[in-house]
$ cat run.cif   # mmCIF, C-alpha atoms
data_data
loop_
_atom_site.label_atom_id
_atom_site.label_comp_id
_atom_site.auth_asym_id
_atom_site.auth_seq_id
_atom_site.Cartn_x
_atom_site.Cartn_y
_atom_site.Cartn_z
CA MET A 1 -0.10 36.78 9.43
CA LYS A 2 0.50 33.14 10.38
CA LYS A 3 -1.82 31.98 7.59
CA GLU A 4 0.06 34.08 5.06
CA ILE A 5 3.43 32.68 6.17
CA PHE A 6 2.06 29.13 5.96
CA SER A 7 0.75 29.76 2.43
CA ILE A 8 4.08 31.21 1.31
CA LEU A 9 5.99 28.23 2.72
CA CYS A 10 3.61 25.81 0.96
CA SER A 11 4.08 27.74 -2.27
CA LEU A 12 7.87 27.55 -2.00
CA PHE A 13 7.70 23.83 -1.28
CA CYS A 14 5.47 23.17 -4.30
CA PHE A 15 7.68 25.14 -6.67
CA GLY A 16 10.82 23.45 -5.33
CA TYR A 17 9.28 19.99 -5.58
CA CYS A 18 8.13 20.80 -9.11
CA VAL A 19 11.75 21.48 -10.11
CA LEU A 20 12.91 18.27 -8.38
CA ILE A 21 10.36 16.09 -10.19
CA TYR A 22 11.11 17.79 -13.51
CA SER A 23 14.82 17.10 -13.06
CA ILE A 24 14.39 13.31 -13.16
CA LYS A 25 12.88 13.44 -16.69
CA SER A 26 10.18 10.90 -15.86
CA GLY A 27 8.55 11.20 -19.28
CA THR A 28 5.30 12.68 -17.97
CA ARG A 29 4.24 16.24 -17.24
CA PHE A 30 2.77 15.52 -13.84
CA TYR A 31 5.40 17.81 -12.30
CA LEU A 32 3.17 20.65 -13.52
CA ILE A 33 0.65 19.80 -10.79
CA TRP A 34 3.20 21.01 -8.25
CA GLY A 35 3.70 24.23 -10.18
CA MET A 36 -0.06 24.71 -10.16
CA GLY A 37 -0.02 24.05 -6.41
CA GLY A 38 2.60 26.74 -5.96
CA CYS A 39 0.44 29.22 -7.88
CA PHE A 40 -2.58 28.21 -5.80
CA PHE A 41 -0.81 28.94 -2.53
CA LEU A 42 0.47 32.26 -3.85
CA GLY A 43 -3.11 33.16 -4.68
CA LEU A 44 -4.18 32.00 -1.23
CA THR A 45 -1.57 34.29 0.31
CA ALA A 46 -3.12 37.26 -1.51
CA PHE A 47 -6.55 35.97 -0.48
CA TRP A 48 -5.59 36.17 3.21
CA HIS A 49 -3.57 39.38 2.90
CA PHE A 50 -6.37 41.42 1.33
CA GLY A 51 -9.12 39.97 3.53
CA ILE A 52 -11.11 38.63 0.58
CA TRP A 53 -12.55 35.69 2.56
CA SER A 54 -14.34 37.92 5.06
CA LYS A 55 -15.97 39.82 2.19
CA LEU A 56 -17.56 36.73 0.65
CA PRO A 57 -21.27 35.94 1.36
CA HIS A 58 -21.72 33.40 4.15
CA GLY A 59 -23.50 31.01 1.80
CA LEU A 60 -20.55 31.00 -0.57
CA GLN A 61 -18.15 30.51 2.33
CA ARG A 62 -20.08 27.42 3.47
CA THR A 63 -20.17 26.05 -0.07
CA ILE A 64 -16.42 26.49 -0.51
CA LEU A 65 -15.68 24.90 2.88
CA GLY A 66 -18.04 22.00 2.15
CA MET A 67 -16.40 21.28 -1.20
CA LEU A 68 -12.95 21.55 0.36
CA LEU A 69 -13.81 19.14 3.19
CA PHE A 70 -15.38 16.68 0.76
CA GLY A 71 -12.28 16.79 -1.45
CA ILE A 72 -10.02 16.20 1.56
CA LEU A 73 -12.17 13.26 2.69
CA VAL A 74 -12.05 11.62 -0.75
CA PHE A 75 -8.29 12.18 -0.92
CA VAL A 76 -7.66 10.70 2.55
CA ILE A 77 -9.82 7.62 1.88
CA THR A 78 -8.13 7.03 -1.48
CA GLU A 79 -4.65 7.39 -0.01
CA GLY A 80 -5.63 4.91 2.71
CA CYS A 81 -6.59 2.42 -0.01
CA ILE A 82 -3.26 3.01 -1.74
CA ILE A 83 -1.30 2.46 1.49
CA SER A 84 -3.18 -0.82 2.07
CA GLY A 85 -1.17 -2.36 -0.78
CA PHE A 86 2.25 -1.33 0.48
CA ARG A 87 3.10 -4.63 2.18
CA ALA A 88 1.52 -7.03 -0.32
CA LYS A 89 3.77 -10.09 -0.72
CA GLY A 90 1.64 -12.33 -2.94
CA GLY A 91 1.03 -16.03 -2.52
CA GLU A 92 3.58 -18.78 -3.06
CA ASN A 93 3.90 -20.73 -6.33
CA LEU A 94 1.63 -18.50 -8.38
CA ASP A 95 1.02 -19.62 -11.94
CA TYR A 96 1.94 -16.19 -13.32
CA ILE A 97 3.23 -12.84 -12.24
CA ILE A 98 2.63 -9.71 -14.34
CA VAL A 99 5.28 -7.00 -14.08
CA LEU A 100 3.68 -3.65 -14.94
CA GLY A 101 5.76 -1.44 -17.20
CA ALA A 102 7.42 1.88 -16.45
CA GLN A 103 9.86 4.08 -18.33
CA VAL A 104 12.96 2.59 -19.94
CA LYS A 105 15.93 4.73 -20.91
CA GLU A 106 18.95 4.34 -23.16
CA ASN A 107 20.98 2.97 -20.25
CA GLY A 108 18.27 0.58 -19.04
CA PRO A 109 15.16 0.57 -16.86
CA SER A 110 14.21 3.66 -14.89
CA ALA A 111 14.61 3.57 -11.11
CA ALA A 112 10.90 2.83 -10.61
CA LEU A 113 11.04 -0.06 -13.06
CA LYS A 114 14.18 -1.51 -11.45
CA TYR A 115 12.31 -1.77 -8.15
CA ARG A 116 9.58 -3.77 -9.91
CA LEU A 117 12.02 -6.00 -11.77
CA ASP A 118 14.08 -6.75 -8.67
CA ALA A 119 10.92 -7.76 -6.81
CA ALA A 120 9.93 -9.96 -9.76
CA TYR A 121 13.41 -11.49 -9.85
CA ASP A 122 13.30 -12.35 -6.15
CA TYR A 123 9.89 -13.95 -6.55
CA LEU A 124 10.92 -15.97 -9.63
CA VAL A 125 14.04 -17.29 -7.88
CA GLU A 126 11.96 -18.43 -4.91
CA ASN A 127 9.13 -19.88 -7.03
CA GLU A 128 10.73 -21.80 -9.87
CA ASN A 129 7.52 -22.84 -11.66
CA THR A 130 6.04 -19.35 -11.95
CA ILE A 131 5.85 -17.76 -15.42
CA CYS A 132 6.56 -14.02 -15.74
CA ILE A 133 4.66 -11.68 -18.07
CA VAL A 134 6.47 -8.39 -18.68
CA SER A 135 4.04 -5.74 -19.89
CA GLY A 136 4.67 -2.38 -21.54
CA GLY A 137 4.86 -0.86 -25.00
CA GLN A 138 7.23 1.76 -26.38
CA GLY A 139 6.63 5.40 -25.55
CA ALA A 140 7.72 8.33 -27.67
CA ASN A 141 10.68 8.98 -25.37
CA GLU A 142 11.80 5.36 -25.07
CA PRO A 143 14.43 3.54 -27.17
CA HIS A 144 12.47 0.27 -27.24
CA SER A 145 9.43 -1.30 -25.63
CA GLU A 146 9.32 -1.54 -21.86
CA ALA A 147 8.62 -5.27 -22.16
CA GLN A 148 11.81 -5.78 -24.17
CA GLY A 149 13.86 -3.83 -21.65
CA MET A 150 12.38 -5.88 -18.80
CA TYR A 151 13.09 -9.12 -20.66
CA TRP A 152 16.75 -8.17 -21.11
CA TYR A 153 17.10 -7.13 -17.46
CA LEU A 154 15.66 -10.39 -16.09
CA THR A 155 17.52 -12.70 -18.47
CA GLU A 156 20.81 -10.93 -17.72
CA LYS A 157 20.18 -11.63 -14.04
CA GLY A 158 19.73 -15.33 -14.81
CA ILE A 159 16.00 -15.89 -15.30
CA ALA A 160 15.46 -18.42 -18.08
CA ALA A 161 14.09 -16.88 -21.28
CA GLU A 162 11.36 -19.52 -21.56
CA ARG A 163 9.86 -18.32 -18.27
CA ILE A 164 9.24 -14.82 -19.64
CA LEU A 165 6.35 -13.77 -21.89
CA LEU A 166 6.36 -10.33 -23.54
CA GLU A 167 3.34 -8.05 -23.88
CA ASP A 168 4.70 -5.04 -25.77
CA LYS A 169 1.67 -3.07 -26.98
CA SER A 170 0.19 -1.50 -23.83
CA THR A 171 0.50 2.21 -23.06
CA ASN A 172 -1.00 2.47 -19.55
CA THR A 173 -1.81 0.38 -16.49
CA SER A 174 -5.27 -0.57 -17.70
CA GLU A 175 -3.85 -1.87 -20.97
CA ASN A 176 -1.01 -3.64 -19.12
CA ILE A 177 -3.62 -5.78 -17.41
CA ALA A 178 -6.05 -6.17 -20.30
CA PHE A 179 -3.39 -7.13 -22.87
CA SER A 180 -1.55 -9.46 -20.48
CA ALA A 181 -4.79 -11.29 -19.69
CA VAL A 182 -4.73 -13.01 -23.11
CA PHE A 183 -1.94 -15.27 -21.79
CA LEU A 184 -4.08 -16.44 -18.88
CA ASP A 185 -6.91 -18.75 -17.98
CA MET A 186 -8.57 -16.02 -15.97
CA GLU A 187 -10.87 -18.42 -14.12
CA LYS A 188 -8.17 -20.81 -12.94
CA ASP A 189 -4.70 -19.26 -13.00
CA SER A 190 -3.28 -17.63 -9.88
CA VAL A 191 -1.70 -14.30 -10.73
CA GLY A 192 0.48 -11.77 -8.92
CA ILE A 193 0.66 -8.12 -9.98
CA VAL A 194 4.20 -6.82 -9.47
CA THR A 195 4.52 -3.06 -9.19
CA ASN A 196 5.71 -0.29 -6.87
CA ASN A 197 4.03 -0.11 -3.48
CA PHE A 198 1.91 2.96 -4.31
CA HIS A 199 0.62 1.25 -7.47
CA VAL A 200 -0.43 -2.15 -6.07
CA PHE A 201 -3.98 -1.27 -5.03
CA ARG A 202 -4.95 -0.01 -8.49
CA GLY A 203 -3.13 -2.81 -10.31
CA VAL A 204 -4.92 -5.54 -8.37
CA HIS A 205 -8.36 -3.93 -8.73
CA LEU A 206 -7.86 -3.41 -12.45
CA ALA A 207 -6.99 -7.09 -12.75
CA ARG A 208 -10.22 -8.03 -10.98
CA HIS A 209 -12.14 -5.67 -13.24
CA TYR A 210 -10.78 -7.44 -16.31
CA GLY A 211 -11.87 -10.83 -14.98
CA ILE A 212 -8.78 -12.32 -13.31
CA LYS A 213 -10.36 -14.21 -10.44
CA ASN A 214 -7.36 -15.33 -8.38
CA VAL A 215 -5.13 -12.25 -8.15
CA CYS A 216 -2.89 -10.70 -5.51
CA GLY A 217 -0.35 -7.91 -5.29
CA ILE A 218 3.42 -8.14 -4.97
CA SER A 219 4.77 -4.85 -3.69
CA ALA A 220 8.09 -3.43 -4.85
CA GLY A 221 9.84 -0.47 -3.28
CA SER A 222 10.00 3.12 -4.47
CA ASN A 223 12.23 6.15 -4.04
CA VAL A 224 11.39 7.95 -0.80
CA PHE A 225 12.12 11.40 -2.29
CA PHE A 226 9.51 10.93 -5.01
CA GLN A 227 6.94 9.06 -2.92
CA LEU A 228 4.81 12.14 -2.31
CA ASN A 229 4.60 12.79 -6.04
CA ASN A 230 3.80 9.13 -6.68
CA MET A 231 1.03 9.07 -4.08
CA VAL A 232 -0.63 12.21 -5.43
CA ARG A 233 -0.29 11.04 -9.02
CA GLU A 234 -1.81 7.68 -8.09
CA PHE A 235 -4.79 9.46 -6.53
CA PHE A 236 -5.57 11.03 -9.89
CA GLY A 237 -4.99 7.69 -11.63
CA ILE A 238 -7.56 6.02 -9.40
CA MET A 239 -10.04 8.85 -9.94
CA LYS A 240 -9.59 8.52 -13.72
CA ASP A 241 -10.17 4.76 -13.63
CA LEU A 242 -13.23 5.22 -11.43
CA VAL A 243 -14.71 7.70 -13.88
CA CYS A 244 -13.92 5.34 -16.79
CA GLY A 245 -15.54 2.44 -14.94
CA ASN A 246 -12.31 0.43 -14.77
CA LEU A 247 -12.40 -0.12 -11.01
CA LEU A 248 -16.10 -0.97 -10.66
#

$ encode --input "run.cif" --output "structure tokens"
Amino acid sequence: MKKEIFSILCSLFCFGYCVLIYSIKSGTRFYLIWGMGGCFFLGLTAFWHFGIWSKLPHGLQRTILGMLLFGILVFVITEGCIISGFRAKGGENLDYIIVLGAQVKENGPSAALKYRLDAAYDYLVENENTICIVSGGQGANEPHSEAQGMYWYLTEKGIAAERILLEDKSTNTSENIAFSAVFLDMEKDSVGIVTNNFHVFRGVHLARHYGIKNVCGISAGSNVFFQLNNMVREFFGIMKDLVCGNLL
């Protein structure tokens, strides 16, 4: 009975969180993963209630448990790697910082992007010789390119226009790095990757994959209510880049 109650509570949480993530109109459909999680836990409730587990062959039970434990282990290790980038501050007087794009809206940058831009602003104020590359193209649900929105935000806050370079063609993190690299001497320039805390680990390792030798992370904040979603989404992002060979 306790297992059934636990499964029902997990299901309710997943469905509720799905609605919460959907409500912010992030521009992606990742909220569906929480709906799928809710359905999974509902199925698990029926699984416990009707005693299906005890009817399965022992060999199949061991296989299922082994796969489950392996998946949990991979998830925990990956999340540990993600957390390792949370406090990255970057070095002083870097030659360049690259601000990774996120959604822009009619009224300006999304909340996630504002965190990145504010971190970039603070760094640029403290390191007056650093050049900023703002990276991000225009999505189907965006009024203009992310790079253009970032440029406007930083210049309105007082950063000189000549310190900002625009990369406005990229559509994902991998392209953010690859397309921004054309501005760099990848052997010599020191580079900071500015992004939300959950995104730093992947951003830095993608930069190394594309040949930027002297690179570090600069961690920006993120909304605590959406951090769980961000962490889970980032897990899948890292798995995708591993499969594609982008982190090797």

$ resolve_selection --input "run.cif" --expression "the PyMOL selection byres ((chain A and resi 154) around 12)" --output "number ranges by chain"
A: 99, 108-109, 113-114, 116-125, 132-134, 147-153, 155-166

$ closest_residue --input "run.cif" --among "A:Lys169, A:Arg202, A:Arg87, A:Lys105" --to "Ala220 of chain A" --atoms "only C-alpha atoms"
A:Arg87

$ residues_near_point --input "run.cif" --point "(-0.7, -0.4, -6.3)" --cutoff "9 Å" --atoms "all atoms listed in the file" --output "list in words"
Ile82, Ile83, Ser84, Gly85, Phe86, Ile193, Val194, Thr195, Asn196, Asn197, Phe198, His199, Val200, Phe201, Arg202, Gly203, Val204, His205, Gly217, Ile218, Ser219 and Glu234 of chain A

$ axis_aligned_box --input "run.cif" --around "segment 136-141 of chain A" --padding-each-side "5 Å" --output "AutoDock Vina command-line options"
--center_x 7.7 --center_y 3.3 --center_z -24.6 --size_x 16.0 --size_y 21.4 --size_z 16.1

$ atom_distance --input "run.cif" --atom1 "atom CA of Met36 of chain A" --atom2 "atom CA of Met239 of chain A"
18.7 Å

$ resolve_selection --input "run.cif" --expression "the PyMOL selection byres ((chain A and resi 143) around 8)" --output "list in words"
Val104, Lys105, Glu106, Gln138, Asn141, Glu142, His144 and Ser145 of chain A

$ write_last_selection --input "run.cif" --atoms "C-alpha atoms" --output "PDB file, keeping the file's coordinate frame"
ATOM      1  CA  VAL A 104      12.960   2.590 -19.940  1.00  0.00           C
ATOM      2  CA  LYS A 105      15.930   4.730 -20.910  1.00  0.00           C
ATOM      3  CA  GLU A 106      18.950   4.340 -23.160  1.00  0.00           C
ATOM      4  CA  GLN A 138       7.230   1.760 -26.380  1.00  0.00           C
ATOM      5  CA  ASN A 141      10.680   8.980 -25.370  1.00  0.00           C
ATOM      6  CA  GLU A 142      11.800   5.360 -25.070  1.00  0.00           C
ATOM      7  CA  HIS A 144      12.470   0.270 -27.240  1.00  0.00           C
ATOM      8  CA  SER A 145       9.430  -1.300 -25.630  1.00  0.00           C
TER       9      SER A 145
END

$ atom_distance --input "run.cif" --atom1 "atom CA of Asp189 of chain A" --atom2 "atom CA of Asp95 of chain A"
5.8 Å

$ closest_residue --input "run.cif" --among "A:Phe236, A:Tyr17, A:Trp34, A:Tyr22" --to "Val74 of chain A" --atoms "only C-alpha atoms"
A:Phe236

$ residues_around --input "run.cif" --residues "Ala181 of chain A" --least-positions-apart "4" --cutoff "8 Å" --atoms "all atoms listed in the file" --output "compact mmCIF listing (two decimals) with C-alpha atoms, in the frame of the given file"
# COMPACT_ATOMS: atom_id res chain seq x y z
CA ILE A 177 -3.62 -5.78 -17.41
CA ASP A 185 -6.91 -18.75 -17.98
CA MET A 186 -8.57 -16.02 -15.97
CA TYR A 210 -10.78 -7.44 -16.31
CA ILE A 212 -8.78 -12.32 -13.31

$ resolve_selection --input "run.cif" --expression "the PyMOL selection byres ((chain A and resi 5) around 12)" --output "list in words"
Met1, Lys2, Lys3, Glu4, Phe6, Ser7, Ile8, Leu9, Cys10, Ser11, Leu12, Phe41, Leu42, Leu44, Thr45, Ala46, Trp48 and His49 of chain A

$ write_last_selection --input "run.cif" --atoms "C-alpha atoms" --output "compact mmCIF listing (two decimals), in the coordinates of the input"
# COMPACT_ATOMS: atom_id res chain seq x y z
CA MET A 1 -0.10 36.78 9.43
CA LYS A 2 0.50 33.14 10.38
CA LYS A 3 -1.82 31.98 7.59
CA GLU A 4 0.06 34.08 5.06
CA PHE A 6 2.06 29.13 5.96
CA SER A 7 0.75 29.76 2.43
CA ILE A 8 4.08 31.21 1.31
CA LEU A 9 5.99 28.23 2.72
CA CYS A 10 3.61 25.81 0.96
CA SER A 11 4.08 27.74 -2.27
CA LEU A 12 7.87 27.55 -2.00
CA PHE A 41 -0.81 28.94 -2.53
CA LEU A 42 0.47 32.26 -3.85
CA LEU A 44 -4.18 32.00 -1.23
CA THR A 45 -1.57 34.29 0.31
CA ALA A 46 -3.12 37.26 -1.51
CA TRP A 48 -5.59 36.17 3.21
CA HIS A 49 -3.57 39.38 2.90

$ residues_around --input "run.cif" --residues "Leu242 of chain A" --least-positions-apart "5" --cutoff "12 Å" --atoms "all atoms listed in the file" --output "VMD selection string"
chain A and resid 78 174 202 205 to 206 209 235 to 237 247 to 248

$ closest_residue --input "run.cif" --among "A:Ala102, A:Leu65, A:Cys18, A:Cys216" --to "Phe30 of chain A" --atoms "only C-alpha atoms"
A:Cys18

$ atom_distance --input "run.cif" --atom1 "atom CA of Glu92 of chain A" --atom2 "atom CA of Ser222 of chain A"
22.9 Å

$ closest_residue --input "run.cif" --among "A:Ala88, A:Arg233, A:Gly211, A:Asp168" --to "Leu32 of chain A" --atoms "only C-alpha atoms"
A:Arg233

$ closest_residue --input "run.cif" --among "A:Ala207, A:Gly43, A:Arg62, A:Ser26" --to "Gly139 of chain A" --atoms "only C-alpha atoms"
A:Ser26

$ residues_around --input "run.cif" --residues "Asn93 of chain A" --least-positions-apart "4" --cutoff "7 Å" --atoms "all atoms listed in the file" --output "ChimeraX atom specification"
/A:127,129-130

$ build_atoms --input "run.cif" --residues "segment 210-221 of chain A" --atoms "N, CA, C and O atoms" --output "mmCIF file, keeping the file's coordinate frame"
data_model
loop_
_atom_site.group_PDB
_atom_site.id
_atom_site.type_symbol
_atom_site.label_atom_id
_atom_site.label_comp_id
_atom_site.auth_asym_id
_atom_site.auth_seq_id
_atom_site.Cartn_x
_atom_site.Cartn_y
_atom_site.Cartn_z
ATOM 1 N N TYR A 210 -10.915 -6.776 -15.021
ATOM 2 C CA TYR A 210 -10.780 -7.440 -16.310
ATOM 3 C C TYR A 210 -11.014 -8.948 -16.238
ATOM 4 O O TYR A 210 -10.835 -9.649 -17.229
ATOM 5 N N GLY A 211 -11.404 -9.447 -15.071
ATOM 6 C CA GLY A 211 -11.870 -10.830 -14.980
ATOM 7 C C GLY A 211 -10.879 -11.831 -14.433
ATOM 8 O O GLY A 211 -11.145 -13.036 -14.462
ATOM 9 N N ILE A 212 -9.729 -11.378 -13.925
ATOM 10 C CA ILE A 212 -8.780 -12.320 -13.310
ATOM 11 C C ILE A 212 -9.277 -12.626 -11.904
ATOM 12 O O ILE A 212 -9.314 -11.753 -11.038
ATOM 13 N N LYS A 213 -9.669 -13.857 -11.681
ATOM 14 C CA LYS A 213 -10.360 -14.210 -10.440
ATOM 15 C C LYS A 213 -9.413 -14.348 -9.248
ATOM 16 O O LYS A 213 -9.710 -13.899 -8.145
ATOM 17 N N ASN A 214 -8.278 -15.024 -9.479
ATOM 18 C CA ASN A 214 -7.360 -15.330 -8.380
ATOM 19 C C ASN A 214 -6.128 -14.443 -8.510
ATOM 20 O O ASN A 214 -5.132 -14.820 -9.128
ATOM 21 N N VAL A 215 -6.196 -13.237 -7.957
ATOM 22 C CA VAL A 215 -5.130 -12.250 -8.150
ATOM 23 C C VAL A 215 -4.706 -11.655 -6.813
ATOM 24 O O VAL A 215 -5.519 -11.501 -5.894
ATOM 25 N N CYS A 216 -3.443 -11.340 -6.710
ATOM 26 C CA CYS A 216 -2.890 -10.700 -5.510
ATOM 27 C C CYS A 216 -1.819 -9.717 -5.932
ATOM 28 O O CYS A 216 -1.378 -9.698 -7.083
ATOM 29 N N GLY A 217 -1.393 -8.884 -5.012
ATOM 30 C CA GLY A 217 -0.350 -7.910 -5.290
ATOM 31 C C GLY A 217 1.002 -8.373 -4.777
ATOM 32 O O GLY A 217 1.086 -9.133 -3.802
ATOM 33 N N ILE A 218 2.052 -7.945 -5.436
ATOM 34 C CA ILE A 218 3.420 -8.140 -4.970
ATOM 35 C C ILE A 218 4.084 -6.767 -4.988
ATOM 36 O O ILE A 218 4.331 -6.195 -6.050
ATOM 37 N N SER A 219 4.333 -6.233 -3.824
ATOM 38 C CA SER A 219 4.770 -4.850 -3.690
ATOM 39 C C SER A 219 6.275 -4.710 -3.837
ATOM 40 O O SER A 219 7.044 -5.420 -3.183
ATOM 41 N N ALA A 220 6.682 -3.799 -4.717
ATOM 42 C CA ALA A 220 8.090 -3.430 -4.850
ATOM 43 C C ALA A 220 8.307 -2.072 -4.180
ATOM 44 O O ALA A 220 7.349 -1.340 -3.906
ATOM 45 N N GLY A 221 9.539 -1.730 -3.937
ATOM 46 C CA GLY A 221 9.840 -0.470 -3.280
ATOM 47 C C GLY A 221 9.688 0.723 -4.196
ATOM 48 O O GLY A 221 9.281 0.605 -5.360
#
